[in-house]
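Q: Input: one structure, supplied below.
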Amino acid sequence: MTADLFGADPGPEVDPGQLLLVLDGFEGPLDVLLVLGRDQKVDLTRISILALADQYLAFIDEARELRLELAADYLVMAAWLAYLKSRLLIPEPEDEEPSGEDMAAALAFQLQRLEAMKTAAQALFARPRLGQDVFARGAPEDIDIRRKSVYEVTLYDLLRAYGDHRKRQEGGVLRIQPVRLYSLEDAVRRLSDLLGHMPDWATLASFLPAEEGSLLTRSAMAAHFAATLELAKAGQVELRQDSAFAPIFLRRATRDGSD
Amino acid sequence: MTEDVTSADEVRQGKLRLLEALLFASADPLDEETLAGRIGPEVGALLERLRADYAPRGVHLVRTGAGWAFRTAADLAPILRQEEEVSKKLSRAAIETLAIIAYHQPVTRAEIEAIRGVVTSKGTLDILMEHGWIRPGRRRETPGRPLTWITTDHFLDHFGLESLRDLPSVEDLRAAGLLDSRPVLLGLGASQDDAPTPGAADSQDE
Amino acid sequence: MTEDVTSADEVRQGKLRLLEALLFASADPLDEETLAGRIGPEVGALLERLRADYAPRGVHLVRTGAGWAFRTAADLAPILRQEEEVSKKLSRAAIETLAIIAYHQPVTRAEIEAIRGVVTSKGTLDILMEHGWIRPGRRRETPGRPLTWITTDHFLDHFGLESLRDLPSVEDLRAAGLLDSRPVLLGLGASQDDAPTPGAADSQDE
């Protein structure tokens with residue numbers, strides 16, 4: 001049984017770089033670990049957790065190098081695996097904590113359990129399904145011998161109705177997600193850094209970060225404009241605009257104040 | 001020689017079974033031409049064979065204007081139809097009212113109206129009561145002593161609930177995706193913060 | 001004497017025909033209790049007789065969950081198959097979640113999340129419920145009294161299962177200890193907090 005479940009298809013060899021390309025396809029860090037685990041080509045009961053931890057940490061490092069945004073739970077898993085690794089490598093202290101071996105066994109169990117459920121899901125959906133492989137009477141006759149349910153209302157209908165109702169009621173309560181905006185402080189810091197590399201007049205637009213998202217771009221524009229005013233006040237930059245609505249130019253202030 | 005016969009029989013048997021399944025699963029009568037396309041030219045003989053097979057049974061294979069179909073035997077109609085009832089769809093207002101009574105009971109009609117924000121028509125509570133899902137509870141000891149409404153045991157039975165405590169809470173509904181009150185802030189760029197895992201968005205609700 | 005025997009046979013035959021017609025008329029499974037109300041206490045034996053009668057045919061009488069229904073024979077599936085509409089394709093999360101509920105039921109959302117290692121996104125439980133495959137079960141009598149989820153009879157009907165014991169490999173998985181739904185590790189998915197008992201983990205969600 002175990003062999004059937006876990007040994008059948010080790011899957012293609014995956015290196016962390018390839019994994020990153022399909023990061024969106026993963027259902028969380030445990031899913032990633034399972035794919036990495038299959039890569040060891042042994043059944044999951046004999047998997048090397050130490051090697052798995054190394055693979056996962058390499059995967060996270062690579063993601064960070066590529067500046068991919070990783071959800072917090074990926075990083076929590078990385079921290080946990082780094083801890084597990086240290087517990088496995090150093091001699092066990094005599095205390096109440098679970099041993100590294102126990103933690104490794106628990107992780108191995110969790111991977112087996114997830115794998116078992118994935119296999120079970122496949123087996124379930126491989127069965128002949130009603131309305132697709134097996135069919136009910138196509139032309140049922142209007143004879144309902146179950147007197148008690150004249151009305152076709154399911155629990156789903158009832159809960160959906162209440163959910164919809166609550167949704168309308170809660171319409172007034174906004175939960176606004178945090179919005180990423182460019183702050184003035186960020187812009188000042190950024191402009192100060194960049195100005196060192198700009199010997200001559202340059203347009204303000206050329207200083208704007210090349211990031212996606214219209215709102216972020218617009219807030220960056222506003223923040224950088226305000227930052228130039230701050231820096232001009234502090235005597236660190238000079239500003240020039242040739243006419244109304246024309247591009248704004250700036251350069252580092254020359255020390256003697258001429259020009 | 002004998003083997004050939006057996007195999008020809010088997011082929012015939014297989015076709016008969018397929019014909020039977022097709023006729024059973026079809027919502028409309030199937031005409032011979034359509035069936036011949038799936039079964040072969042011998043479909044006429046097979047249909048007659050099937051008709052004969054079913055003749056003594058409670059289900060008959062009948063030829064209607066458009067084609068062939070299985071129907072319950074005509075002689076059983078009086079017994080079958082004895083308790084015929086047409087199932088009806090309950091109105092949205094009635095479902096919502098029932099849901100509010102279930103979640104807020106005991107609740108007066110005025111309270112139901114306050115919660116729903118619309119006037120409850122007399123017929124709505126009548127339908128729910130006629131069906132045995134709700135019944136009057138105790139009178140509220142407030143001026144006017146209004147009647148309250150509560151759900152019945154039949155309500156629990158119909159919806160497969162063991163007790164009212166097993167009704168999912170608002171938090172359960174939200175977690176199950178049946179109540180999503182997060183407004184979509186179009187153009188605010190909030191989606192950039194969405195993590196790669198679909199779950200991350202949900203966690204903000206917990 | 002002979003007449004008596006014949007007449008008893010006739011009564012039995014009549015009941016068999018009525019049973020057949022009732023089951024044939026309905027697209028949904030009919031439970032034995034309901035059928036017994038129409039046919040009599042011998043309905044169990046008659047159902048077995050009917051099942052045997054239809055066993056070689058293209059339409060089978062199958063028992064599923066609490067009820068009985070006529071269905072096209074499973075071995076004809078390759079010929080009858082209709083591809084699922086693309087829009088109805090389920091997400092991987094929904095498919096895995098359904099398997100977890102089927103094998104671990106009754107199971108709380110926190111337990112599902114501990115097994116999958118991710119939080120449950122919207123469009124998972126609600127979709128499964130909309131398909132009529134799952135429903136809320138009893139609340140777990142642990143702190144926070146979390147709601148559990150269980151599969152429905154329609155789930156069994158849809159996947160052609162007579163009972164939950166017929167789930168693929170269920171006994172092997174149980175013997176291997178893999179149907180333990182405890183959260184196991186810190187730092188994995190939903191059970192990030194220290195959770196010595198399953199109940200404690202659930203209580204975070206409620």
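By order in the structure tokens, chains are A, B, ...; within a chain, residues start at 1; ligands start at 1, following the order shown.
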Residues near B:Ala45, anyone? I mean within 10 Å using only C-alpha atoms, not counting same-chain ones fewer than 5 positions away, as a VMD selection string.
A: chain B and resid 16 50 to 51
Q: Go through chain C residue by residue and, counting only C-alpha atoms, keep those with an atom at most 7 Å from chain B; for each kept residue give the shortest atom pair and its distance in Å to one decimal, ordered by chain and increasing number, as CSV.
A:
```
residue,atom,partner,partner_atom,distance
C:Arg17,CA,B:Gly58,CA,4.0
C:Leu18,CA,B:Gly58,CA,6.0
C:Glu20,CA,B:Gly58,CA,5.5
C:Ala21,CA,B:Gly58,CA,5.1
C:Ala25,CA,B:Thr72,CA,6.8
C:Arg57,CA,B:Arg17,CA,5.6
C:Gly58,CA,B:Arg17,CA,3.9
C:Val59,CA,B:Ala21,CA,5.7
C:Thr72,CA,B:Ala21,CA,5.4
C:Val118,CA,B:Gly199,CA,6.5
C:Val119,CA,B:Gly199,CA,4.9
C:Thr120,CA,B:Gly199,CA,5.8
C:Ser121,CA,B:Gly199,CA,4.7
C:Lys122,CA,B:Gly177,CA,4.5
C:Gly123,CA,B:Gly177,CA,6.0
C:Leu125,CA,B:Ala176,CA,5.0
C:Asp126,CA,B:Ala176,CA,5.4
C:Gly137,CA,B:Asp166,CA,6.8
C:Arg138,CA,B:Asp166,CA,5.4
C:Arg139,CA,B:Asp166,CA,5.9
C:Leu147,CA,B:Pro168,CA,6.8
C:Asp205,CA,B:Glu206,CA,7.0
C:Glu206,CA,B:Glu171,CA,6.7
```
Q: Using DSSP on the backbone, list every residue of chain B that comes out as alpha helix (DSSP H), and give them as a ChimeraX atom specification.
A: /B:2-25,32-39,43-54,77-80,92-104,109-116,122-130,153-158,170-176,198-203
Q: Which value, in Å to one decimal, gives the distance between atom CA of A:Ile49 and atom CA of C:Tyr103?
A: 26.6 Å
Q: Mind checking which residues fall within 12 Å of A:Leu30, counting only C-alpha atoms, ignoring those fewer than 2 positions away in the same chain, and posting them as a compact mmCIF listing (two decimals) with C-alpha atoms, in the first residue's frame?
A:
```
# COMPACT_ATOMS: atom_id res chain seq x y z
CA PHE A 26 1.66 25.61 -5.27
CA GLU A 27 -0.78 25.35 -2.45
CA GLY A 28 1.55 26.62 0.22
CA VAL A 32 6.42 22.69 -2.14
CA LEU A 33 8.04 20.36 0.39
CA LEU A 34 6.06 17.46 -1.00
CA VAL A 35 7.27 18.12 -4.54
CA LEU A 36 10.85 18.48 -3.29
CA GLY A 37 10.42 15.30 -1.24
CA LEU A 52 14.67 18.25 2.32
CA ALA A 53 15.36 21.19 4.63
CA TYR A 56 13.68 24.10 0.70
CA ASP A 73 4.02 31.23 5.57
CA TYR A 74 6.83 30.34 3.14
CA LEU A 75 9.25 32.31 5.30
CA VAL A 76 7.85 30.86 8.52
CA MET A 77 8.47 27.40 7.10
CA ALA A 78 12.01 28.38 6.14
CA LEU A 81 13.26 24.20 8.83
CA LEU A 107 7.11 16.52 9.28
CA ALA A 108 7.54 13.24 7.42
CA PHE A 109 4.13 12.13 8.69
CA GLN A 110 2.53 15.34 7.55
CA LEU A 111 3.99 14.94 4.08
CA GLN A 112 2.76 11.35 3.90
CA ARG A 113 -0.69 12.40 5.02
CA LEU A 114 -0.88 15.17 2.44
CA GLU A 115 0.38 12.81 -0.26
CA GLU C 113 -5.93 23.52 6.93
CA ALA C 114 -3.45 21.62 9.09
CA ILE C 115 -3.51 18.72 6.63
CA ARG C 116 -3.12 20.91 3.56
CA GLY C 117 -0.75 23.37 5.21
CA VAL C 118 -2.61 26.38 3.83
CA VAL C 119 -5.64 28.37 4.82
CA LEU C 185 3.81 20.66 13.60
CA GLY C 187 4.85 26.50 11.86
CA LEU C 188 2.76 24.61 9.34
CA GLY C 189 -0.19 26.31 7.81
CA ALA C 190 -3.11 27.11 10.02
```
Q: Compute the chain A side of the contact with chain C at 6 Å, counting only C-alpha atoms, and hand it back as an MDAnalysis selection string.
A: chainID A and resid 28 30 113 121 129:130 132:137 140:141
Q: Could you save those same residues with N, CA, C and O atoms as a PDB file, in the first residue's frame?
A:
```pdb
ATOM      1  N   GLY A  28       0.877  26.377  -1.045  1.00  0.00           N
ATOM      2  CA  GLY A  28       1.553  26.620   0.220  1.00  0.00           C
ATOM      3  C   GLY A  28       2.848  25.847   0.368  1.00  0.00           C
ATOM      4  O   GLY A  28       3.187  25.004  -0.455  1.00  0.00           O
ATOM      5  N   LEU A  30       3.888  23.467   2.380  1.00  0.00           N
ATOM      6  CA  LEU A  30       3.855  22.013   2.543  1.00  0.00           C
ATOM      7  C   LEU A  30       3.799  21.335   1.169  1.00  0.00           C
ATOM      8  O   LEU A  30       4.408  20.287   0.948  1.00  0.00           O
ATOM      9  N   ARG A 113       0.758  12.222   4.921  1.00  0.00           N
ATOM     10  CA  ARG A 113      -0.689  12.400   5.023  1.00  0.00           C
ATOM     11  C   ARG A 113      -1.211  13.261   3.871  1.00  0.00           C
ATOM     12  O   ARG A 113      -2.246  12.961   3.276  1.00  0.00           O
ATOM     13  N   ALA A 121      -7.696  11.859  -3.546  1.00  0.00           N
ATOM     14  CA  ALA A 121      -8.502  12.775  -4.352  1.00  0.00           C
ATOM     15  C   ALA A 121      -8.495  12.330  -5.813  1.00  0.00           C
ATOM     16  O   ALA A 121      -9.529  12.319  -6.478  1.00  0.00           O
ATOM     17  N   ARG A 129     -18.418   9.114 -12.526  1.00  0.00           N
ATOM     18  CA  ARG A 129     -19.192  10.132 -11.826  1.00  0.00           C
ATOM     19  C   ARG A 129     -20.565  10.315 -12.447  1.00  0.00           C
ATOM     20  O   ARG A 129     -20.724  10.226 -13.662  1.00  0.00           O
ATOM     21  N   LEU A 130     -21.504  10.597 -11.573  1.00  0.00           N
ATOM     22  CA  LEU A 130     -22.888  10.795 -12.002  1.00  0.00           C
ATOM     23  C   LEU A 130     -22.977  12.039 -12.881  1.00  0.00           C
ATOM     24  O   LEU A 130     -22.458  13.088 -12.534  1.00  0.00           O
ATOM     25  N   GLN A 132     -21.671  12.334 -15.735  1.00  0.00           N
ATOM     26  CA  GLN A 132     -20.509  12.441 -16.605  1.00  0.00           C
ATOM     27  C   GLN A 132     -20.186  11.062 -17.181  1.00  0.00           C
ATOM     28  O   GLN A 132     -19.905  10.930 -18.364  1.00  0.00           O
ATOM     29  N   ASP A 133     -20.192  10.053 -16.342  1.00  0.00           N
ATOM     30  CA  ASP A 133     -19.913   8.681 -16.775  1.00  0.00           C
ATOM     31  C   ASP A 133     -21.128   7.776 -16.569  1.00  0.00           C
ATOM     32  O   ASP A 133     -21.336   6.823 -17.296  1.00  0.00           O
ATOM     33  N   VAL A 134     -21.848   8.074 -15.538  1.00  0.00           N
ATOM     34  CA  VAL A 134     -23.016   7.288 -15.177  1.00  0.00           C
ATOM     35  C   VAL A 134     -24.186   8.254 -15.130  1.00  0.00           C
ATOM     36  O   VAL A 134     -24.024   9.397 -14.730  1.00  0.00           O
ATOM     37  N   PHE A 135     -25.342   7.772 -15.615  1.00  0.00           N
ATOM     38  CA  PHE A 135     -26.435   8.717 -15.748  1.00  0.00           C
ATOM     39  C   PHE A 135     -27.683   8.259 -15.020  1.00  0.00           C
ATOM     40  O   PHE A 135     -27.981   7.072 -14.940  1.00  0.00           O
ATOM     41  N   ALA A 136     -28.396   9.264 -14.509  1.00  0.00           N
ATOM     42  CA  ALA A 136     -29.680   8.997 -13.879  1.00  0.00           C
ATOM     43  C   ALA A 136     -30.743   9.023 -14.961  1.00  0.00           C
ATOM     44  O   ALA A 136     -30.454   9.344 -16.120  1.00  0.00           O
ATOM     45  N   ARG A 137     -31.933   8.658 -14.608  1.00  0.00           N
ATOM     46  CA  ARG A 137     -33.029   8.707 -15.562  1.00  0.00           C
ATOM     47  C   ARG A 137     -33.120  10.103 -16.164  1.00  0.00           C
ATOM     48  O   ARG A 137     -33.208  11.092 -15.435  1.00  0.00           O
ATOM     49  N   PRO A 140     -37.071  12.107 -15.664  1.00  0.00           N
ATOM     50  CA  PRO A 140     -37.800  11.681 -14.466  1.00  0.00           C
ATOM     51  C   PRO A 140     -39.266  12.093 -14.540  1.00  0.00           C
ATOM     52  O   PRO A 140     -39.578  13.143 -15.100  1.00  0.00           O
ATOM     53  N   GLU A 141     -40.130  11.236 -14.028  1.00  0.00           N
ATOM     54  CA  GLU A 141     -41.555  11.549 -14.084  1.00  0.00           C
ATOM     55  C   GLU A 141     -41.955  12.237 -12.788  1.00  0.00           C
ATOM     56  O   GLU A 141     -41.363  12.004 -11.746  1.00  0.00           O
TER      57      GLU A 141
END
```
Q: Among stretch 118-193 of chain B, which ones does DSSP place in strand (DSSP E), written as a ChimeraX atom specification?
A: /B:134-139,147-151
Q: Mind writing the picked residues with N, CA and C atoms as a CSV table (one decimal), in the first residue's frame?
A:
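Wrote it out as again.csv, contents follow:
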```
chain,number,residue,atom,x,y,z
B,134,ILE,N,-41.8,26.8,10.5
B,134,ILE,CA,-41.9,27.8,11.6
B,134,ILE,C,-43.2,27.7,12.3
B,135,ARG,N,-43.2,28.1,13.6
B,135,ARG,CA,-44.4,28.2,14.4
B,135,ARG,C,-44.3,29.4,15.3
B,136,PRO,N,-45.5,29.8,15.8
B,136,PRO,CA,-45.4,30.9,16.8
B,136,PRO,C,-44.8,30.5,18.1
B,137,GLY,N,-43.9,31.4,18.6
B,137,GLY,CA,-43.3,31.1,19.9
B,137,GLY,C,-44.1,31.9,21.0
B,138,ARG,N,-43.4,32.2,22.1
B,138,ARG,CA,-44.1,32.9,23.1
B,138,ARG,C,-44.2,34.4,22.7
B,139,ARG,N,-45.2,35.0,23.3
B,139,ARG,CA,-45.4,36.5,23.1
B,139,ARG,C,-44.3,37.2,23.8
B,147,LEU,N,-46.3,38.6,18.8
B,147,LEU,CA,-46.0,37.2,18.7
B,147,LEU,C,-44.6,37.0,18.2
B,148,THR,N,-43.9,36.0,18.7
B,148,THR,CA,-42.5,35.8,18.1
B,148,THR,C,-42.7,34.5,17.2
B,149,TRP,N,-41.7,34.3,16.3
B,149,TRP,CA,-41.6,33.1,15.5
B,149,TRP,C,-40.4,32.3,15.8
B,150,ILE,N,-40.5,31.0,15.7
B,150,ILE,CA,-39.4,30.2,16.0
B,150,ILE,C,-39.4,29.0,14.9
B,151,THR,N,-38.3,28.3,14.8
B,151,THR,CA,-38.3,27.2,13.8
B,151,THR,C,-38.8,25.9,14.5
```
